[in-house]
$ cat query.csv   # CSV, N, CA and C atoms
chain,number,residue,atom,x,y,z
A,1,MET,N,22.3,-25.5,-0.2
A,1,MET,CA,23.6,-25.6,0.4
A,1,MET,C,23.5,-25.8,1.9
A,2,TYR,N,24.3,-26.7,2.4
A,2,TYR,CA,24.2,-27.1,3.8
A,2,TYR,C,25.5,-26.5,4.5
A,3,CYS,N,25.3,-26.1,5.8
A,3,CYS,CA,26.4,-25.6,6.6
A,3,CYS,C,27.2,-26.8,7.1
A,4,LYS,N,28.6,-26.6,7.0
A,4,LYS,CA,29.5,-27.7,7.4
A,4,LYS,C,29.5,-27.7,9.0
A,5,ARG,N,29.2,-26.6,9.6
A,5,ARG,CA,29.3,-26.6,11.1
A,5,ARG,C,28.1,-27.2,11.8
A,6,CYS,N,26.9,-26.7,11.3
A,6,CYS,CA,25.7,-27.2,12.0
A,6,CYS,C,24.8,-28.1,11.1
A,7,GLY,N,25.0,-28.1,9.8
A,7,GLY,CA,24.2,-28.9,8.9
A,7,GLY,C,22.9,-28.3,8.5
A,8,ALA,N,22.7,-27.0,8.8
A,8,ALA,CA,21.5,-26.3,8.5
A,8,ALA,C,21.4,-26.0,7.0
A,9,LYS,N,20.3,-26.1,6.4
A,9,LYS,CA,20.1,-25.8,4.9
A,9,LYS,C,20.0,-24.3,4.7
A,10,ASN,N,20.8,-23.8,3.8
A,10,ASN,CA,20.9,-22.4,3.5
A,10,ASN,C,20.6,-22.2,2.0
A,11,GLU,N,20.3,-21.0,1.6
A,11,GLU,CA,20.1,-20.7,0.2
A,11,GLU,C,21.5,-20.6,-0.5
A,12,GLU,N,21.5,-20.8,-1.8
A,12,GLU,CA,22.8,-20.8,-2.5
A,12,GLU,C,23.5,-19.4,-2.5
A,13,THR,N,22.7,-18.4,-2.3
A,13,THR,CA,23.3,-17.0,-2.3
A,13,THR,C,23.9,-16.6,-1.0
A,14,ASN,N,23.6,-17.4,0.1
A,14,ASN,CA,24.1,-17.0,1.4
A,14,ASN,C,25.6,-17.2,1.5
A,15,HIS,N,26.3,-16.3,2.2
A,15,HIS,CA,27.7,-16.4,2.5
A,15,HIS,C,27.9,-16.8,3.9
A,16,VAL,N,26.9,-16.7,4.7
A,16,VAL,CA,26.9,-17.0,6.1
A,16,VAL,C,25.7,-17.9,6.5
A,17,CYS,N,25.9,-18.8,7.3
A,17,CYS,CA,24.9,-19.7,7.7
A,17,CYS,C,23.8,-18.9,8.5
A,18,SER,N,22.5,-19.2,8.2
A,18,SER,CA,21.4,-18.4,8.8
A,18,SER,C,21.2,-18.9,10.2
A,19,LYS,N,21.7,-20.1,10.6
A,19,LYS,CA,21.4,-20.7,11.9
A,19,LYS,C,22.6,-20.4,12.9
A,20,CYS,N,23.8,-20.7,12.4
A,20,CYS,CA,24.9,-20.6,13.4
A,20,CYS,C,25.9,-19.5,13.1
A,21,GLY,N,25.8,-18.9,11.9
A,21,GLY,CA,26.7,-17.8,11.5
A,21,GLY,C,28.0,-18.2,10.9
A,22,ALA,N,28.3,-19.4,10.7
A,22,ALA,CA,29.5,-19.9,10.1
A,22,ALA,C,29.6,-19.4,8.6
A,23,LEU,N,30.9,-19.1,8.2
A,23,LEU,CA,31.1,-18.7,6.8
A,23,LEU,C,30.9,-19.9,5.9
A,24,LEU,N,30.1,-19.7,4.8
A,24,LEU,CA,29.8,-20.8,3.9
A,24,LEU,C,30.8,-20.9,2.8
A,25,GLY,N,31.3,-19.8,2.3
A,25,GLY,CA,32.1,-19.8,1.1
A,25,GLY,C,33.5,-20.2,1.2
A,26,ASP,N,34.0,-20.3,2.4
A,26,ASP,CA,35.4,-20.7,2.5
A,26,ASP,C,35.7,-22.2,2.5
A,27,PHE,N,34.6,-23.0,2.5
A,27,PHE,CA,34.8,-24.4,2.6
A,27,PHE,C,34.1,-25.1,1.5
A,28,PRO,N,34.6,-26.3,1.1
A,28,PRO,CA,34.0,-27.0,0.0
A,28,PRO,C,32.6,-27.4,0.5
A,29,LEU,N,31.6,-27.3,-0.4
A,29,LEU,CA,30.2,-27.6,0.0
A,29,LEU,C,29.9,-29.0,-0.2
A,30,PRO,N,29.2,-29.6,0.8
A,30,PRO,CA,28.8,-31.0,0.6
A,30,PRO,C,27.7,-31.1,-0.4
A,31,GLN,N,27.7,-32.3,-1.1
A,31,GLN,CA,26.7,-32.5,-2.1
A,31,GLN,C,25.4,-32.9,-1.5
A,32,GLU,N,25.4,-33.5,-0.3
A,32,GLU,CA,24.2,-33.8,0.4
A,32,GLU,C,24.4,-33.5,1.9
A,33,MET,N,23.3,-33.5,2.6
A,33,MET,CA,23.4,-33.2,4.0
A,33,MET,C,24.0,-34.3,4.8
A,34,PRO,N,25.0,-34.0,5.7
A,34,PRO,CA,25.6,-35.1,6.5
A,34,PRO,C,24.5,-35.8,7.4
A,35,GLN,N,24.7,-37.1,7.6
A,35,GLN,CA,23.7,-37.8,8.4
A,35,GLN,C,23.9,-37.4,9.9
A,36,ASP,N,25.1,-37.3,10.3
A,36,ASP,CA,25.3,-36.9,11.7
A,36,ASP,C,26.2,-35.7,11.8
A,37,PRO,N,25.7,-34.5,11.9
A,37,PRO,CA,26.5,-33.3,11.8
A,37,PRO,C,27.5,-33.2,13.0
A,38,GLU,N,27.2,-33.8,14.1
A,38,GLU,CA,28.1,-33.8,15.3
A,38,GLU,C,29.3,-34.7,15.1
A,39,SER,N,29.2,-35.7,14.3
A,39,SER,CA,30.3,-36.7,14.2
A,39,SER,C,31.5,-36.2,13.3
A,40,GLU,N,31.2,-35.2,12.4
A,40,GLU,CA,32.3,-34.7,11.6
A,40,GLU,C,33.0,-33.6,12.3
A,41,SER,N,34.3,-33.4,11.9
A,41,SER,CA,35.0,-32.2,12.5
A,41,SER,C,34.5,-31.0,11.7
A,42,LEU,N,34.0,-30.1,12.5
A,42,LEU,CA,33.3,-28.9,11.9
A,42,LEU,C,34.2,-27.7,12.0
A,43,PRO,N,34.3,-26.8,11.0
A,43,PRO,CA,35.1,-25.6,11.2
A,43,PRO,C,34.5,-24.7,12.2
A,44,GLN,N,35.3,-23.9,12.9
A,44,GLN,CA,34.8,-23.1,14.0
A,44,GLN,C,34.8,-21.6,13.6
A,45,THR,N,34.8,-21.3,12.3
A,45,THR,CA,34.8,-20.0,11.8
A,45,THR,C,33.4,-19.5,11.9
A,46,VAL,N,33.2,-18.4,12.6
A,46,VAL,CA,31.9,-17.8,12.9
A,46,VAL,C,31.9,-16.4,12.4
A,47,TYR,N,30.8,-16.0,11.8
A,47,TYR,CA,30.7,-14.6,11.4
A,47,TYR,C,30.8,-13.7,12.6
A,48,SER,N,31.6,-12.6,12.5
A,48,SER,CA,31.7,-11.6,13.6
A,48,SER,C,31.6,-10.3,12.9
A,49,PRO,N,30.9,-9.4,13.5
A,49,PRO,CA,30.7,-8.0,12.9
A,49,PRO,C,32.1,-7.3,12.8
A,50,GLU,N,33.0,-7.6,13.7
A,50,GLU,CA,34.3,-6.9,13.6
A,50,GLU,C,35.1,-7.2,12.4
A,51,SER,N,34.8,-8.4,11.8
A,51,SER,CA,35.6,-8.8,10.6
A,51,SER,C,35.2,-8.1,9.3
A,52,TYR,N,34.0,-7.5,9.4
A,52,TYR,CA,33.5,-6.7,8.2
A,52,TYR,C,33.4,-5.3,8.5
A,53,PRO,N,34.1,-4.4,7.8
A,53,PRO,CA,34.0,-3.0,8.1
A,53,PRO,C,32.6,-2.4,7.9
A,54,ALA,N,32.3,-1.4,8.7
A,54,ALA,CA,31.0,-0.8,8.5
A,54,ALA,C,31.0,0.1,7.2
A,55,PRO,N,29.8,0.2,6.6
A,55,PRO,CA,29.8,1.0,5.4
A,55,PRO,C,30.0,2.5,5.8
A,56,GLU,N,30.5,3.2,4.8
A,56,GLU,CA,30.7,4.7,5.0
A,56,GLU,C,29.4,5.4,5.2
A,57,PRO,N,29.3,6.3,6.1
A,57,PRO,CA,28.0,7.0,6.3
A,57,PRO,C,27.7,7.9,5.0
A,58,TYR,N,26.5,8.0,4.7
A,58,TYR,CA,26.1,8.8,3.5
A,58,TYR,C,26.3,10.3,3.8
A,59,GLN,N,27.0,10.9,2.9
A,59,GLN,CA,27.3,12.3,3.1
A,59,GLN,C,26.3,13.1,2.3
A,60,TYR,N,25.5,13.9,3.0
A,60,TYR,CA,24.5,14.7,2.4
A,60,TYR,C,25.2,15.9,1.8
A,61,PRO,N,24.7,16.4,0.6
A,61,PRO,CA,25.3,17.6,0.1
A,61,PRO,C,25.0,18.8,0.9
A,62,VAL,N,26.0,19.6,1.1
A,62,VAL,CA,25.8,20.8,1.9
A,62,VAL,C,25.3,21.9,0.9
A,63,THR,N,24.3,22.6,1.4
A,63,THR,CA,23.7,23.6,0.5
A,63,THR,C,23.8,25.0,1.3
A,64,MET,N,23.7,26.0,0.5
A,64,MET,CA,23.7,27.4,1.1
A,64,MET,C,22.6,28.2,0.4
A,65,ARG,N,21.8,28.9,1.2
A,65,ARG,CA,20.8,29.8,0.6
A,65,ARG,C,21.5,31.0,0.1
A,66,THR,N,21.4,31.2,-1.2
A,66,THR,CA,22.1,32.3,-1.8
A,66,THR,C,21.2,33.6,-2.1
A,67,TYR,N,19.9,33.5,-1.8
A,67,TYR,CA,19.0,34.6,-1.9
A,67,TYR,C,18.8,35.0,-3.4
A,68,LEU,N,19.0,34.1,-4.3
A,68,LEU,CA,18.9,34.5,-5.7
A,68,LEU,C,17.4,34.7,-6.1
A,69,ILE,N,16.5,33.8,-5.7
A,69,ILE,CA,15.1,34.0,-6.0
A,69,ILE,C,14.5,35.2,-5.3
A,70,PRO,N,14.8,35.5,-4.0
A,70,PRO,CA,14.3,36.7,-3.4
A,70,PRO,C,14.9,37.9,-4.1
A,71,ALA,N,16.1,37.8,-4.6
A,71,ALA,CA,16.7,39.0,-5.3
A,71,ALA,C,16.0,39.2,-6.6
A,72,ILE,N,15.6,38.2,-7.3
A,72,ILE,CA,14.9,38.3,-8.6
A,72,ILE,C,13.5,38.9,-8.3
A,73,LEU,N,12.8,38.4,-7.2
A,73,LEU,CA,11.5,38.9,-6.9
A,73,LEU,C,11.5,40.4,-6.5
A,74,VAL,N,12.5,40.8,-5.7
A,74,VAL,CA,12.7,42.2,-5.3
A,74,VAL,C,12.9,43.1,-6.6
A,75,THR,N,13.7,42.6,-7.5
A,75,THR,CA,14.0,43.3,-8.7
A,75,THR,C,12.7,43.5,-9.5
A,76,LEU,N,11.9,42.5,-9.6
A,76,LEU,CA,10.7,42.5,-10.5
A,76,LEU,C,9.6,43.4,-9.8
A,77,PHE,N,9.4,43.2,-8.5
A,77,PHE,CA,8.2,43.8,-7.8
A,77,PHE,C,8.5,45.0,-6.9
A,78,CYS,N,9.7,45.2,-6.5
A,78,CYS,CA,9.9,46.2,-5.5
A,78,CYS,C,10.8,47.4,-6.0
A,79,CYS,N,12.0,47.1,-6.1
A,79,CYS,CA,13.0,48.2,-6.4
A,79,CYS,C,14.1,47.7,-7.2
A,80,ILE,N,14.2,48.1,-8.5
A,80,ILE,CA,15.2,47.6,-9.4
A,80,ILE,C,16.6,48.0,-9.0
A,81,PRO,N,16.9,49.3,-8.5
A,81,PRO,CA,18.2,49.6,-8.2
A,81,PRO,C,18.8,48.8,-7.0
A,82,PHE,N,18.0,48.3,-6.1
A,82,PHE,CA,18.5,47.4,-5.1
A,82,PHE,C,18.5,45.9,-5.5
A,83,GLY,N,17.6,45.6,-6.4
A,83,GLY,CA,17.5,44.2,-6.8
A,83,GLY,C,18.7,43.7,-7.7
A,84,ILE,N,19.2,44.6,-8.5
A,84,ILE,CA,20.3,44.2,-9.4
A,84,ILE,C,21.6,43.9,-8.6
A,85,PRO,N,22.1,44.7,-7.6
A,85,PRO,CA,23.2,44.2,-6.9
A,85,PRO,C,23.0,42.9,-6.1
A,86,ALA,N,21.7,42.7,-5.7
A,86,ALA,CA,21.4,41.5,-4.9
A,86,ALA,C,21.5,40.3,-5.9
A,87,ILE,N,21.0,40.4,-7.1
A,87,ILE,CA,21.2,39.3,-8.1
A,87,ILE,C,22.7,39.1,-8.4
A,88,ILE,N,23.4,40.1,-8.5
A,88,ILE,CA,24.9,39.9,-8.8
A,88,ILE,C,25.6,39.2,-7.7
A,89,HIS,N,25.4,39.6,-6.5
A,89,HIS,CA,26.0,39.0,-5.3
A,89,HIS,C,25.5,37.6,-5.1
A,90,ALA,N,24.2,37.3,-5.4
A,90,ALA,CA,23.7,36.0,-5.2
A,90,ALA,C,24.3,35.0,-6.2
A,91,SER,N,24.4,35.5,-7.5
A,91,SER,CA,24.9,34.6,-8.5
A,91,SER,C,26.4,34.3,-8.3
A,92,ILE,N,27.2,35.3,-7.8
A,92,ILE,CA,28.6,35.1,-7.5
A,92,ILE,C,28.7,34.2,-6.3
A,93,ALA,N,27.8,34.3,-5.3
A,93,ALA,CA,27.8,33.3,-4.2
A,93,ALA,C,27.6,31.9,-4.7
A,94,ARG,N,26.7,31.7,-5.6
A,94,ARG,CA,26.5,30.4,-6.1
A,94,ARG,C,27.7,29.8,-6.8
A,95,SER,N,28.4,30.6,-7.6
A,95,SER,CA,29.6,30.1,-8.3
A,95,SER,C,30.7,29.9,-7.3
A,96,LYS,N,30.9,30.7,-6.3
A,96,LYS,CA,31.9,30.5,-5.3
A,96,LYS,C,31.6,29.2,-4.5
A,97,PHE,N,30.4,29.0,-4.2
A,97,PHE,CA,30.0,27.8,-3.5
A,97,PHE,C,30.3,26.6,-4.3
A,98,ALA,N,30.0,26.6,-5.6
A,98,ALA,CA,30.3,25.5,-6.5
A,98,ALA,C,31.8,25.2,-6.6
A,99,GLU,N,32.6,26.3,-6.5
A,99,GLU,CA,34.1,26.1,-6.6
A,99,GLU,C,34.6,25.6,-5.2
A,100,GLY,N,33.9,25.7,-4.2
A,100,GLY,CA,34.3,25.2,-2.9
A,100,GLY,C,34.9,26.3,-2.0
A,101,ASN,N,34.8,27.6,-2.5
A,101,ASN,CA,35.3,28.7,-1.7
A,101,ASN,C,34.2,29.2,-0.8
A,102,PHE,N,34.0,28.5,0.3
A,102,PHE,CA,32.8,28.8,1.2
A,102,PHE,C,32.9,30.1,1.9
A,103,ASP,N,34.1,30.6,2.2
A,103,ASP,CA,34.2,31.9,2.9
A,103,ASP,C,33.7,33.0,2.0
A,104,GLU,N,34.2,33.0,0.8
A,104,GLU,CA,33.8,34.1,-0.1
A,104,GLU,C,32.3,33.9,-0.5
A,105,ALA,N,31.8,32.7,-0.6
A,105,ALA,CA,30.4,32.5,-0.9
A,105,ALA,C,29.5,33.0,0.3
A,106,PHE,N,30.0,32.8,1.5
A,106,PHE,CA,29.2,33.3,2.7
A,106,PHE,C,29.2,34.8,2.7
A,107,ASN,N,30.4,35.4,2.4
A,107,ASN,CA,30.4,36.9,2.3
A,107,ASN,C,29.5,37.5,1.3
A,108,ARG,N,29.4,36.8,0.1
A,108,ARG,CA,28.5,37.3,-1.0
A,108,ARG,C,27.1,37.0,-0.6
A,109,VAL,N,26.8,36.0,0.1
A,109,VAL,CA,25.4,35.7,0.6
A,109,VAL,C,25.0,36.9,1.5
A,110,LYS,N,25.9,37.2,2.4
A,110,LYS,CA,25.5,38.3,3.3
A,110,LYS,C,25.2,39.6,2.6
A,111,LYS,N,26.0,39.9,1.5
A,111,LYS,CA,25.8,41.1,0.7
A,111,LYS,C,24.5,41.0,0.0
A,112,ALA,N,24.2,39.9,-0.6
A,112,ALA,CA,22.9,39.7,-1.3
A,112,ALA,C,21.7,39.8,-0.4
A,113,ARG,N,21.9,39.3,0.8
A,113,ARG,CA,20.8,39.4,1.8
A,113,ARG,C,20.5,40.8,2.2
A,114,PHE,N,21.6,41.6,2.3
A,114,PHE,CA,21.5,43.0,2.6
A,114,PHE,C,20.8,43.8,1.5
A,115,TRP,N,21.1,43.5,0.3
A,115,TRP,CA,20.5,44.2,-0.8
A,115,TRP,C,19.0,43.8,-1.0
A,116,VAL,N,18.7,42.5,-0.7
A,116,VAL,CA,17.3,42.0,-0.8
A,116,VAL,C,16.5,42.8,0.2
A,117,TRP,N,17.0,42.8,1.4
A,117,TRP,CA,16.2,43.4,2.5
A,117,TRP,C,16.1,45.0,2.3
A,118,MET,N,17.1,45.6,1.7
A,118,MET,CA,17.1,47.0,1.4
A,118,MET,C,16.0,47.3,0.4
A,119,GLY,N,16.0,46.5,-0.7
A,119,GLY,CA,15.0,46.6,-1.8
A,119,GLY,C,13.6,46.4,-1.3
A,120,PHE,N,13.4,45.3,-0.4
A,120,PHE,CA,12.1,45.0,0.1
A,120,PHE,C,11.6,46.1,1.0
A,121,GLY,N,12.5,46.6,1.9
A,121,GLY,CA,12.2,47.7,2.8
A,121,GLY,C,11.8,49.0,2.1
A,122,THR,N,12.6,49.3,1.0
A,122,THR,CA,12.3,50.5,0.3
A,122,THR,C,11.0,50.4,-0.5
A,123,GLY,N,10.8,49.3,-1.1
A,123,GLY,CA,9.5,49.1,-1.8
A,123,GLY,C,8.3,49.1,-0.8
A,124,LEU,N,8.5,48.5,0.4
A,124,LEU,CA,7.4,48.6,1.4
A,124,LEU,C,7.2,50.0,1.9
A,125,ALA,N,8.3,50.7,2.1
A,125,ALA,CA,8.1,52.1,2.5
A,125,ALA,C,7.4,53.0,1.5
A,126,PHE,N,7.8,52.8,0.2
A,126,PHE,CA,7.1,53.6,-0.9
A,126,PHE,C,5.6,53.2,-0.9
A,127,LEU,N,5.3,51.9,-0.7
A,127,LEU,CA,3.9,51.5,-0.8
A,127,LEU,C,3.1,52.1,0.4
A,128,VAL,N,3.7,52.1,1.6
A,128,VAL,CA,3.0,52.7,2.7
A,128,VAL,C,2.8,54.2,2.5
A,129,LEU,N,3.9,54.9,2.1
A,129,LEU,CA,3.7,56.4,1.8
A,129,LEU,C,2.7,56.6,0.7
A,130,TYR,N,2.7,55.8,-0.3
A,130,TYR,CA,1.7,56.0,-1.4
A,130,TYR,C,0.3,55.8,-0.9
A,131,SER,N,0.1,54.8,0.0
A,131,SER,CA,-1.2,54.6,0.6
A,131,SER,C,-1.6,55.7,1.5
A,132,LEU,N,-0.7,56.2,2.3
A,132,LEU,CA,-1.1,57.2,3.3
A,132,LEU,C,-1.4,58.6,2.6
A,133,THR,N,-0.7,58.9,1.6
A,133,THR,CA,-0.9,60.2,1.0
A,133,THR,C,-2.1,60.2,0.1
A,134,GLY,N,-2.6,59.1,-0.3
A,134,GLY,CA,-3.8,59.0,-1.2
A,134,GLY,C,-3.5,59.4,-2.6
A,135,LEU,N,-2.4,59.2,-3.1
A,135,LEU,CA,-2.1,59.7,-4.5
A,135,LEU,C,-2.8,58.8,-5.5
A,136,TRP,N,-3.3,57.7,-5.1
A,136,TRP,CA,-4.0,56.8,-6.1
A,136,TRP,C,-5.4,57.4,-6.5
A,137,GLU,N,-5.9,58.4,-5.7
A,137,GLU,CA,-7.2,59.0,-6.1
A,137,GLU,C,-7.0,60.1,-7.2
A,138,TYR,N,-5.9,60.6,-7.4
A,138,TYR,CA,-5.7,61.7,-8.4
A,138,TYR,C,-5.4,61.1,-9.8

$ encode --input "query.csv" --output "structure tokens"
Amino acid sequence: MYCKRCGAKNEETNHVCSKCGALLGDFPLPQEMPQDPESESLPQTVYSPESYPAPEPYQYPVTMRTYLIPAILVTLFCCIPFGIPAIIHASIARSKFAEGNFDEAFNRVKKARFWVWMGFGTGLAFLVLYSLTGLWEY
């Protein structure tokens, strides 16, 4: 396909001339290249970035740490009474986040984080006391 404005050869799939930027699809295409491109009246339509809207920016999904995995680990390895409320609050936070209720999800995440750290701290305190008292020798 040849450009009507400058006579440059372009691929058939091009919509814009690769040399001068003129739109190719709006005009009837010549069957052969013109002998003297300057002698013909050429259209003055030129590609401009303002005429084509910019694509929408990609929206990354927003995520929130719900402390579900730490809650499960605290329940299994540290302290069950503190791990169970942490799991409950973390799972409710996940469902509230999926519903789009971000304020309630954030409040539940704060509660889950509190219970995770309470369970971890309690388990660590018992481990330290157990080690210091030497109960493992009896």

$ closest_residue --input "query.csv" --among "A:Thr66, A:Ser95, A:Asn10, A:Ser18" --to "Arg113 in chain A" --atoms "all atoms listed in the file"
A:Thr66

$ closest_residue --input "query.csv" --among "A:Met1, A:Ser131, A:Met64, A:Lys110" --to "Phe97 in chain A" --atoms "all atoms listed in the file"
A:Met64

$ atom_distance --input "query.csv" --atom1 "atom C of Phe114 in chain A" --atom2 "atom C of Val128 in chain A"
20.8 Å

$ residues_near_point --input "query.csv" --point "(23.1, 41.0, -4.2)" --cutoff "5 Å" --atoms "only N, CA and C atoms" --output "list in words"
Pro85, Ala86, Ile87, Ile88, His89, Ala90, Lys111 and Ala112 of chain A

$ atom_distance --input "query.csv" --atom1 "CA of Arg65 in chain A" --atom2 "CA of Gly83 in chain A"
16.5 Å

$ residues_near_point --input "query.csv" --point "(15.6, 40.2, -6.3)" --cutoff "7 Å" --atoms "only N, CA and C atoms" --output "PyMOL selection string"
chain A and resi 67-76+82-84+86-87+116

$ atom_distance --input "query.csv" --atom1 "CA of Phe77 in chain A" --atom2 "CA of Leu129 in chain A"
16.5 Å

$ closest_residue --input "query.csv" --among "A:Pro81, A:Gly7, A:Gly134, A:Gly21" --to "Met118 in chain A" --atoms "only C-alpha atoms"
A:Pro81

$ closest_residue --input "query.csv" --among "A:Ala8, A:Ile92, A:Leu132, A:Leu127" --to "Glu104 in chain A" --atoms "only N, CA and C atoms"
A:Ile92
